[in-house]
Structure formats: C-alpha cells, structure tokens
Amino acid sequence: FAPSGELWVVALDEQLRLTVQTSADEGKTWAAPRVLARGDDAVSADGENRPKIAFGPGGQVVISYTQPLARPYTGAIRMLRSADGGRSFSAPFAVHADRQVITHRFESIGFDAQGRLHAVWIDKRDLEAAKAAGRKDYRGAAIYRNVSSDGGATFGPDVKVADHSC
C-alpha cells in the first residue's frame, strides 16, 4: 500500500511488459495497467524472484527486478525510481556496483524510518573469486547490500553481510 492508501501491484503482463496497477478501494476495482519503460531489459518473474515495489518519503517510489543475463542463474538487480509519487519513472539502472555476469538475484528493497533505501540480494562474486583462485572452501553465495540516501538516485558501496548463505 502506498502512503496515500492506494494498493499498488507491479507485475508482468501477457506480453511480458512491466506494469503497475493501482486500486483506491483495496482491490475491489483497479485502474488500467500502466506499462513502464525498461529499455531492452528482460524481467525475471518466477516465485520469490519477481518485481518488487517500495514507497519512501516525499513521493518516492522504487520498483526493482532481476534482469536475467546470458548464463543460467545469472542476473543483475535493476531499479526504476520515481520522485513524483509514481506518475513518472526513471530509466532502469543497476543497483549494485559489481557488473560481473554472475548471480545477483533475489533482491529485497525497503525504506527505513529515516527515508534511506536499502537493497539486499544474493550474490556469487565471492564464490566466483574462490573458484578463480583454485579454492574449494567457499559454499554457496553471499548476501550483499547497499544503501541510498537519495531515494535510489545513488547508492553506497556493495557491502557483504553474510558468507555461505545460499
């Protein structure tokens, strides 16, 4: 639910276009879906790896999704942002600084009480580094995060939160 009380849904439609739809009456009726521009990005939408939406202070709205990359199980966390309550959205951009063709997937996003936007995701950069070094001691993937203090216009560095998490 948006701060206004409207219910918002972000999803892929039958043509695999990224859309938002709103309801002012808790889902009894819905406005027509709006298609969001995402450039050439494909959007992953399976199970818990689906587009997500978060509302921040002062009309900030962000939508995140995983863009599948060339190799299986790889992806980039992408985001659209709005500073006008969702009337318009930015072009998509990558949330994380790491640009390897590896797993950056299963993100979660949210604003805290101070209005900072947090992004958290599963990331395999440390597994790939261990493999490249000939080490077999790294299990699974890590959890990484970063924070934006300006509603997603910029993000701080990618920070590892936990090793061997997935």
# chains A, B, ... in the order shown; residues from 1 in each chain; ligands from 1

$ residues_around --residues "A:Pro51" --least-positions-apart "3" --cutoff "8 Å" --atoms "only C-alpha atoms" --output "JSON, numbers by chain"
{"A": [10, 11, 43, 44, 45, 63, 64, 65, 66]}

$ write_last_selection --atoms "all heavy atoms" --output "PDB file, in the first residue's frame"
ATOM      1  N   VAL A  10       2.844  -4.402  -8.989  1.00  0.00           N
ATOM      2  CA  VAL A  10       3.797  -4.371 -10.108  1.00  0.00           C
ATOM      3  C   VAL A  10       3.914  -5.808 -10.607  1.00  0.00           C
ATOM      4  O   VAL A  10       4.028  -6.750  -9.812  1.00  0.00           O
ATOM      5  CB  VAL A  10       5.168  -3.776  -9.689  1.00  0.00           C
ATOM      6  CG1 VAL A  10       5.807  -4.553  -8.562  1.00  0.00           C
ATOM      7  CG2 VAL A  10       6.107  -3.682 -10.872  1.00  0.00           C
ATOM      8  N   ALA A  11       3.838  -5.977 -11.934  1.00  0.00           N
ATOM      9  CA  ALA A  11       3.807  -7.330 -12.495  1.00  0.00           C
ATOM     10  C   ALA A  11       4.195  -7.290 -13.966  1.00  0.00           C
ATOM     11  O   ALA A  11       4.336  -6.222 -14.553  1.00  0.00           O
ATOM     12  CB  ALA A  11       2.399  -7.909 -12.345  1.00  0.00           C
ATOM     13  N   VAL A  43      12.789  -9.211 -17.800  1.00  0.00           N
ATOM     14  CA  VAL A  43      12.467  -9.162 -16.374  1.00  0.00           C
ATOM     15  C   VAL A  43      12.153 -10.568 -15.905  1.00  0.00           C
ATOM     16  O   VAL A  43      11.288 -11.239 -16.471  1.00  0.00           O
ATOM     17  CB  VAL A  43      11.266  -8.230 -16.099  1.00  0.00           C
ATOM     18  CG1 VAL A  43      10.874  -8.264 -14.626  1.00  0.00           C
ATOM     19  CG2 VAL A  43      11.570  -6.809 -16.541  1.00  0.00           C
ATOM     20  N   SER A  44      12.861 -11.011 -14.871  1.00  0.00           N
ATOM     21  CA  SER A  44      12.588 -12.304 -14.265  1.00  0.00           C
ATOM     22  C   SER A  44      11.378 -12.167 -13.353  1.00  0.00           C
ATOM     23  O   SER A  44      11.284 -11.216 -12.583  1.00  0.00           O
ATOM     24  CB  SER A  44      13.808 -12.763 -13.468  1.00  0.00           C
ATOM     25  OG  SER A  44      13.568 -14.022 -12.902  1.00  0.00           O
ATOM     26  N   ALA A  45      10.466 -13.109 -13.457  1.00  0.00           N
ATOM     27  CA  ALA A  45       9.274 -13.072 -12.605  1.00  0.00           C
ATOM     28  C   ALA A  45       8.839 -14.493 -12.289  1.00  0.00           C
ATOM     29  O   ALA A  45       7.855 -14.993 -12.819  1.00  0.00           O
ATOM     30  CB  ALA A  45       8.154 -12.292 -13.275  1.00  0.00           C
ATOM     31  N   ILE A  63      10.859   0.592  -7.967  1.00  0.00           N
ATOM     32  CA  ILE A  63      10.489  -0.743  -8.424  1.00  0.00           C
ATOM     33  C   ILE A  63      11.784  -1.456  -8.779  1.00  0.00           C
ATOM     34  O   ILE A  63      12.610  -0.916  -9.515  1.00  0.00           O
ATOM     35  CB  ILE A  63       9.560  -0.664  -9.651  1.00  0.00           C
ATOM     36  CG1 ILE A  63       8.220  -0.053  -9.233  1.00  0.00           C
ATOM     37  CG2 ILE A  63       9.369  -2.053 -10.275  1.00  0.00           C
ATOM     38  CD1 ILE A  63       7.276   0.239 -10.377  1.00  0.00           C
ATOM     39  N   SER A  64      11.966  -2.655  -8.239  1.00  0.00           N
ATOM     40  CA  SER A  64      13.167  -3.433  -8.538  1.00  0.00           C
ATOM     41  C   SER A  64      12.772  -4.735  -9.225  1.00  0.00           C
ATOM     42  O   SER A  64      11.645  -5.209  -9.078  1.00  0.00           O
ATOM     43  CB  SER A  64      13.958  -3.732  -7.260  1.00  0.00           C
ATOM     44  OG  SER A  64      13.235  -4.623  -6.429  1.00  0.00           O
ATOM     45  N   TYR A  65      13.721  -5.282  -9.966  1.00  0.00           N
ATOM     46  CA  TYR A  65      13.524  -6.573 -10.607  1.00  0.00           C
ATOM     47  C   TYR A  65      14.896  -7.143 -10.953  1.00  0.00           C
ATOM     48  O   TYR A  65      15.896  -6.435 -10.964  1.00  0.00           O
ATOM     49  CB  TYR A  65      12.656  -6.464 -11.868  1.00  0.00           C
ATOM     50  CG  TYR A  65      13.177  -5.529 -12.930  1.00  0.00           C
ATOM     51  CD1 TYR A  65      14.051  -5.970 -13.919  1.00  0.00           C
ATOM     52  CD2 TYR A  65      12.797  -4.191 -12.945  1.00  0.00           C
ATOM     53  CE1 TYR A  65      14.527  -5.110 -14.895  1.00  0.00           C
ATOM     54  CE2 TYR A  65      13.266  -3.327 -13.930  1.00  0.00           C
ATOM     55  CZ  TYR A  65      14.128  -3.789 -14.891  1.00  0.00           C
ATOM     56  OH  TYR A  65      14.607  -2.933 -15.853  1.00  0.00           O
ATOM     57  N   THR A  66      14.914  -8.439 -11.241  1.00  0.00           N
ATOM     58  CA  THR A  66      16.137  -9.082 -11.712  1.00  0.00           C
ATOM     59  C   THR A  66      16.096  -9.155 -13.224  1.00  0.00           C
ATOM     60  O   THR A  66      15.119  -9.640 -13.808  1.00  0.00           O
ATOM     61  CB  THR A  66      16.281 -10.490 -11.119  1.00  0.00           C
ATOM     62  OG1 THR A  66      16.382 -10.396  -9.703  1.00  0.00           O
ATOM     63  CG2 THR A  66      17.519 -11.189 -11.664  1.00  0.00           C
TER      64      THR A  66
END

$ select_by_dssp --residues "stretch 73-163 of chain A" --states "strand (DSSP E or B)" --output "PyMOL selection string"
chain A and resi 75-82+93-94+104-111+117-123+142-148+159-162

$ residues_around --residues "A:Ile77" --least-positions-apart "2" --cutoff "8 Å" --atoms "only C-alpha atoms" --output "PyMOL selection string"
chain A and resi 64-67+75+79+94-96+104-105+107

$ closest_residue --among "A:Pro3, A:Gly85, A:Gly115, A:Pro92" --to "A:Gly59" --atoms "only C-alpha atoms"
A:Gly85

$ closest_residue --among "A:Thr74, A:Asn49, A:Asn146, A:Gln15" --to "A:Gln100" --atoms "only C-alpha atoms"
A:Thr74

$ select_by_dssp --residues "chain A" --states "alpha helix (DSSP H)" --output "list in words"
Arg125, Asp126, Leu127, Glu128, Ala129, Ala130, Lys131 and Ala132 of chain A

$ write_last_selection --atoms "all heavy atoms" --output "mmCIF file, in the first residue's frame"
data_model
loop_
_atom_site.group_PDB
_atom_site.id
_atom_site.type_symbol
_atom_site.label_atom_id
_atom_site.label_comp_id
_atom_site.auth_asym_id
_atom_site.auth_seq_id
_atom_site.Cartn_x
_atom_site.Cartn_y
_atom_site.Cartn_z
ATOM 1 N N ARG A 125 29.717 -13.320 -6.174
ATOM 2 C CA ARG A 125 31.057 -12.833 -6.546
ATOM 3 C C ARG A 125 32.153 -13.507 -5.740
ATOM 4 O O ARG A 125 33.244 -13.757 -6.257
ATOM 5 C CB ARG A 125 31.148 -11.311 -6.421
ATOM 6 C CG ARG A 125 31.139 -10.785 -5.002
ATOM 7 C CD ARG A 125 31.157 -9.287 -4.938
ATOM 8 N NE ARG A 125 29.828 -8.764 -5.218
ATOM 9 C CZ ARG A 125 29.520 -7.484 -5.178
ATOM 10 N NH1 ARG A 125 30.441 -6.587 -4.904
ATOM 11 N NH2 ARG A 125 28.302 -7.091 -5.429
ATOM 12 N N ASP A 126 31.895 -13.830 -4.478
ATOM 13 C CA ASP A 126 32.918 -14.463 -3.647
ATOM 14 C C ASP A 126 33.129 -15.931 -4.037
ATOM 15 O O ASP A 126 34.251 -16.429 -3.993
ATOM 16 C CB ASP A 126 32.557 -14.323 -2.174
ATOM 17 C CG ASP A 126 32.480 -12.865 -1.770
ATOM 18 O OD1 ASP A 126 33.479 -12.143 -1.936
ATOM 19 O OD2 ASP A 126 31.405 -12.427 -1.333
ATOM 20 N N LEU A 127 32.062 -16.602 -4.436
ATOM 21 C CA LEU A 127 32.191 -17.976 -4.937
ATOM 22 C C LEU A 127 33.019 -17.979 -6.220
ATOM 23 O O LEU A 127 33.927 -18.803 -6.373
ATOM 24 C CB LEU A 127 30.811 -18.573 -5.201
ATOM 25 C CG LEU A 127 30.797 -19.960 -5.844
ATOM 26 C CD1 LEU A 127 31.455 -21.000 -4.941
ATOM 27 C CD2 LEU A 127 29.372 -20.360 -6.188
ATOM 28 N N GLU A 128 32.742 -17.051 -7.116
ATOM 29 C CA GLU A 128 33.499 -16.973 -8.373
ATOM 30 C C GLU A 128 34.971 -16.652 -8.104
ATOM 31 O O GLU A 128 35.859 -17.204 -8.752
ATOM 32 C CB GLU A 128 32.876 -15.932 -9.304
ATOM 33 C CG GLU A 128 31.484 -16.296 -9.783
ATOM 34 C CD GLU A 128 31.426 -17.554 -10.611
ATOM 35 O OE1 GLU A 128 32.372 -17.814 -11.397
ATOM 36 O OE2 GLU A 128 30.438 -18.301 -10.481
ATOM 37 N N ALA A 129 35.236 -15.768 -7.156
ATOM 38 C CA ALA A 129 36.628 -15.424 -6.808
ATOM 39 C C ALA A 129 37.350 -16.636 -6.222
ATOM 40 O O ALA A 129 38.522 -16.880 -6.541
ATOM 41 C CB ALA A 129 36.661 -14.256 -5.835
ATOM 42 N N ALA A 130 36.666 -17.400 -5.378
ATOM 43 C CA ALA A 130 37.279 -18.601 -4.799
ATOM 44 C C ALA A 130 37.593 -19.623 -5.885
ATOM 45 O O ALA A 130 38.675 -20.220 -5.902
ATOM 46 C CB ALA A 130 36.354 -19.201 -3.737
ATOM 47 N N LYS A 131 36.654 -19.812 -6.818
ATOM 48 C CA LYS A 131 36.893 -20.750 -7.922
ATOM 49 C C LYS A 131 38.082 -20.298 -8.760
ATOM 50 O O LYS A 131 38.933 -21.114 -9.131
ATOM 51 C CB LYS A 131 35.660 -20.833 -8.819
ATOM 52 C CG LYS A 131 34.533 -21.648 -8.269
ATOM 53 C CD LYS A 131 33.401 -21.650 -9.294
ATOM 54 C CE LYS A 131 32.161 -22.324 -8.792
ATOM 55 N NZ LYS A 131 31.057 -22.217 -9.769
ATOM 56 N N ALA A 132 38.155 -19.008 -9.073
ATOM 57 C CA ALA A 132 39.260 -18.479 -9.886
ATOM 58 C C ALA A 132 40.604 -18.664 -9.197
ATOM 59 O O ALA A 132 41.626 -18.837 -9.854
ATOM 60 C CB ALA A 132 39.026 -17.005 -10.194
#

$ residues_around --residues "stretch 16-23 of chain A" --least-positions-apart "2" --cutoff "8 Å" --atoms "only C-alpha atoms" --output "number ranges by chain"
A: 6-14, 25-38, 43

$ write_last_selection --atoms "N, CA and C atoms" --output "CSV table (one decimal), in the first residue's frame"
chain,number,residue,atom,x,y,z
A,6,GLU,N,-3.6,3.8,-1.4
A,6,GLU,CA,-3.8,3.1,-2.6
A,6,GLU,C,-3.0,1.8,-2.6
A,7,LEU,N,-3.6,0.7,-3.1
A,7,LEU,CA,-3.0,-0.5,-3.3
A,7,LEU,C,-2.3,-0.5,-4.7
A,8,TRP,N,-1.0,-0.9,-4.7
A,8,TRP,CA,-0.3,-0.9,-6.0
A,8,TRP,C,0.2,-2.4,-6.2
A,9,VAL,N,0.2,-2.7,-7.5
A,9,VAL,CA,0.7,-4.0,-7.9
A,9,VAL,C,1.7,-3.8,-9.1
A,10,VAL,N,2.8,-4.4,-9.0
A,10,VAL,CA,3.8,-4.4,-10.1
A,10,VAL,C,3.9,-5.8,-10.6
A,11,ALA,N,3.8,-6.0,-11.9
A,11,ALA,CA,3.8,-7.3,-12.5
A,11,ALA,C,4.2,-7.3,-14.0
A,12,LEU,N,4.3,-8.5,-14.5
A,12,LEU,CA,4.5,-8.6,-16.0
A,12,LEU,C,3.1,-9.0,-16.6
A,13,ASP,N,2.8,-8.4,-17.7
A,13,ASP,CA,1.5,-8.7,-18.3
A,13,ASP,C,1.7,-9.9,-19.3
A,14,GLU,N,0.7,-10.2,-20.1
A,14,GLU,CA,0.8,-11.3,-21.0
A,14,GLU,C,1.9,-11.1,-22.1
A,25,ASP,N,-9.7,1.2,-3.7
A,25,ASP,CA,-10.7,0.6,-2.8
A,25,ASP,C,-10.3,-0.8,-2.4
A,26,GLU,N,-9.0,-1.0,-2.0
A,26,GLU,CA,-8.4,-2.2,-1.5
A,26,GLU,C,-8.6,-3.4,-2.4
A,27,GLY,N,-8.6,-3.2,-3.7
A,27,GLY,CA,-8.6,-4.2,-4.7
A,27,GLY,C,-9.9,-4.6,-5.3
A,28,LYS,N,-11.0,-3.9,-4.9
A,28,LYS,CA,-12.3,-4.2,-5.5
A,28,LYS,C,-12.3,-3.8,-6.9
A,29,THR,N,-11.8,-2.7,-7.3
A,29,THR,CA,-11.7,-2.2,-8.7
A,29,THR,C,-10.2,-1.7,-8.9
A,30,TRP,N,-9.8,-1.8,-10.2
A,30,TRP,CA,-8.5,-1.4,-10.5
A,30,TRP,C,-8.4,-0.4,-11.6
A,31,ALA,N,-7.5,0.5,-11.6
A,31,ALA,CA,-7.2,1.4,-12.7
A,31,ALA,C,-6.5,0.5,-13.8
A,32,ALA,N,-6.6,1.0,-15.0
A,32,ALA,CA,-5.9,0.3,-16.1
A,32,ALA,C,-4.4,0.2,-15.9
A,33,PRO,N,-3.8,-0.9,-16.2
A,33,PRO,CA,-2.4,-1.1,-16.0
A,33,PRO,C,-1.6,0.0,-16.8
A,34,ARG,N,-0.5,0.5,-16.2
A,34,ARG,CA,0.4,1.3,-16.9
A,34,ARG,C,1.7,0.6,-17.3
A,35,VAL,N,2.1,0.6,-18.5
A,35,VAL,CA,3.4,-0.1,-18.9
A,35,VAL,C,4.5,0.9,-18.6
A,36,LEU,N,5.5,0.3,-17.9
A,36,LEU,CA,6.7,1.1,-17.5
A,36,LEU,C,7.8,0.8,-18.5
A,37,ALA,N,8.5,1.8,-19.0
A,37,ALA,CA,9.6,1.7,-19.9
A,37,ALA,C,10.8,1.0,-19.2
A,38,ARG,N,11.4,0.0,-19.8
A,38,ARG,CA,12.5,-0.7,-19.2
A,38,ARG,C,13.6,-1.0,-20.2
A,43,VAL,N,12.8,-9.2,-17.8
A,43,VAL,CA,12.5,-9.2,-16.4
A,43,VAL,C,12.2,-10.6,-15.9

$ residues_around --residues "A:Ala113" --least-positions-apart "6" --cutoff "12 Å" --atoms "only C-alpha atoms" --output "MDAnalysis selection string"
chainID A and resid 55:57 149

$ write_last_selection --atoms "N, CA and C atoms" --output "short mmCIF file (atom, residue, chain, number, x, y, z; two decimals), in the first residue's frame"
data_model
loop_
_atom_site.label_atom_id
_atom_site.label_comp_id
_atom_site.auth_asym_id
_atom_site.auth_seq_id
_atom_site.Cartn_x
_atom_site.Cartn_y
_atom_site.Cartn_z
N PHE A 55 7.76 2.22 -1.17
CA PHE A 55 7.40 3.63 -1.10
C PHE A 55 8.22 4.32 -0.03
N GLY A 56 8.77 5.47 -0.38
CA GLY A 56 9.57 6.24 0.55
C GLY A 56 8.91 7.58 0.84
N PRO A 57 9.61 8.43 1.55
CA PRO A 57 9.06 9.74 1.90
C PRO A 57 8.99 10.68 0.69
N SER A 149 20.71 7.17 0.14
CA SER A 149 20.13 8.24 0.98
C SER A 149 19.34 9.24 0.17
#

$ closest_residue --among "A:Gly58, A:Val161, A:Gly140, A:Arg78" --to "A:Ser90" --atoms "only C-alpha atoms"
A:Arg78

$ residues_around --residues "A:Gly110" --least-positions-apart "6" --cutoff "9 Å" --atoms "only C-alpha atoms" --output "PyMOL selection string"
chain A and resi 53-56+62+116-119

$ write_last_selection --atoms "N, CA, C and O atoms" --output "PDB file, in the first residue's frame"
ATOM      1  N   ILE A  53       8.095  -3.490  -5.188  1.00  0.00           N
ATOM      2  CA  ILE A  53       7.845  -2.061  -5.108  1.00  0.00           C
ATOM      3  C   ILE A  53       8.003  -1.605  -3.664  1.00  0.00           C
ATOM      4  O   ILE A  53       7.700  -2.362  -2.738  1.00  0.00           O
ATOM      5  N   ALA A  54       8.504  -0.391  -3.485  1.00  0.00           N
ATOM      6  CA  ALA A  54       8.631   0.191  -2.144  1.00  0.00           C
ATOM      7  C   ALA A  54       8.333   1.689  -2.240  1.00  0.00           C
ATOM      8  O   ALA A  54       8.625   2.327  -3.254  1.00  0.00           O
ATOM      9  N   PHE A  55       7.765   2.223  -1.169  1.00  0.00           N
ATOM     10  CA  PHE A  55       7.396   3.633  -1.102  1.00  0.00           C
ATOM     11  C   PHE A  55       8.219   4.316  -0.032  1.00  0.00           C
ATOM     12  O   PHE A  55       8.342   3.800   1.083  1.00  0.00           O
ATOM     13  N   GLY A  56       8.772   5.467  -0.379  1.00  0.00           N
ATOM     14  CA  GLY A  56       9.571   6.240   0.554  1.00  0.00           C
ATOM     15  C   GLY A  56       8.913   7.583   0.839  1.00  0.00           C
ATOM     16  O   GLY A  56       7.800   7.859   0.395  1.00  0.00           O
ATOM     17  N   VAL A  62      10.022   3.210  -5.725  1.00  0.00           N
ATOM     18  CA  VAL A  62      11.028   2.439  -6.449  1.00  0.00           C
ATOM     19  C   VAL A  62      10.466   1.070  -6.807  1.00  0.00           C
ATOM     20  O   VAL A  62       9.690   0.493  -6.045  1.00  0.00           O
ATOM     21  N   ARG A 116      16.016   6.209   4.181  1.00  0.00           N
ATOM     22  CA  ARG A 116      17.075   5.566   3.400  1.00  0.00           C
ATOM     23  C   ARG A 116      16.522   4.310   2.727  1.00  0.00           C
ATOM     24  O   ARG A 116      15.770   3.555   3.341  1.00  0.00           O
ATOM     25  N   LEU A 117      16.922   4.113   1.489  1.00  0.00           N
ATOM     26  CA  LEU A 117      16.501   2.948   0.728  1.00  0.00           C
ATOM     27  C   LEU A 117      17.566   1.862   0.853  1.00  0.00           C
ATOM     28  O   LEU A 117      18.736   2.097   0.562  1.00  0.00           O
ATOM     29  N   HIS A 118      17.143   0.683   1.278  1.00  0.00           N
ATOM     30  CA  HIS A 118      18.048  -0.455   1.442  1.00  0.00           C
ATOM     31  C   HIS A 118      17.740  -1.490   0.364  1.00  0.00           C
ATOM     32  O   HIS A 118      16.577  -1.801   0.105  1.00  0.00           O
ATOM     33  N   ALA A 119      18.797  -2.025  -0.252  1.00  0.00           N
ATOM     34  CA  ALA A 119      18.678  -3.133  -1.203  1.00  0.00           C
ATOM     35  C   ALA A 119      19.569  -4.263  -0.690  1.00  0.00           C
ATOM     36  O   ALA A 119      20.706  -4.029  -0.283  1.00  0.00           O
TER      37      ALA A 119
END

$ closest_residue --among "A:Ser165, A:Ser108, A:Arg81, A:Phe89" --to "A:Arg50" --atoms "only C-alpha atoms"
A:Ser108
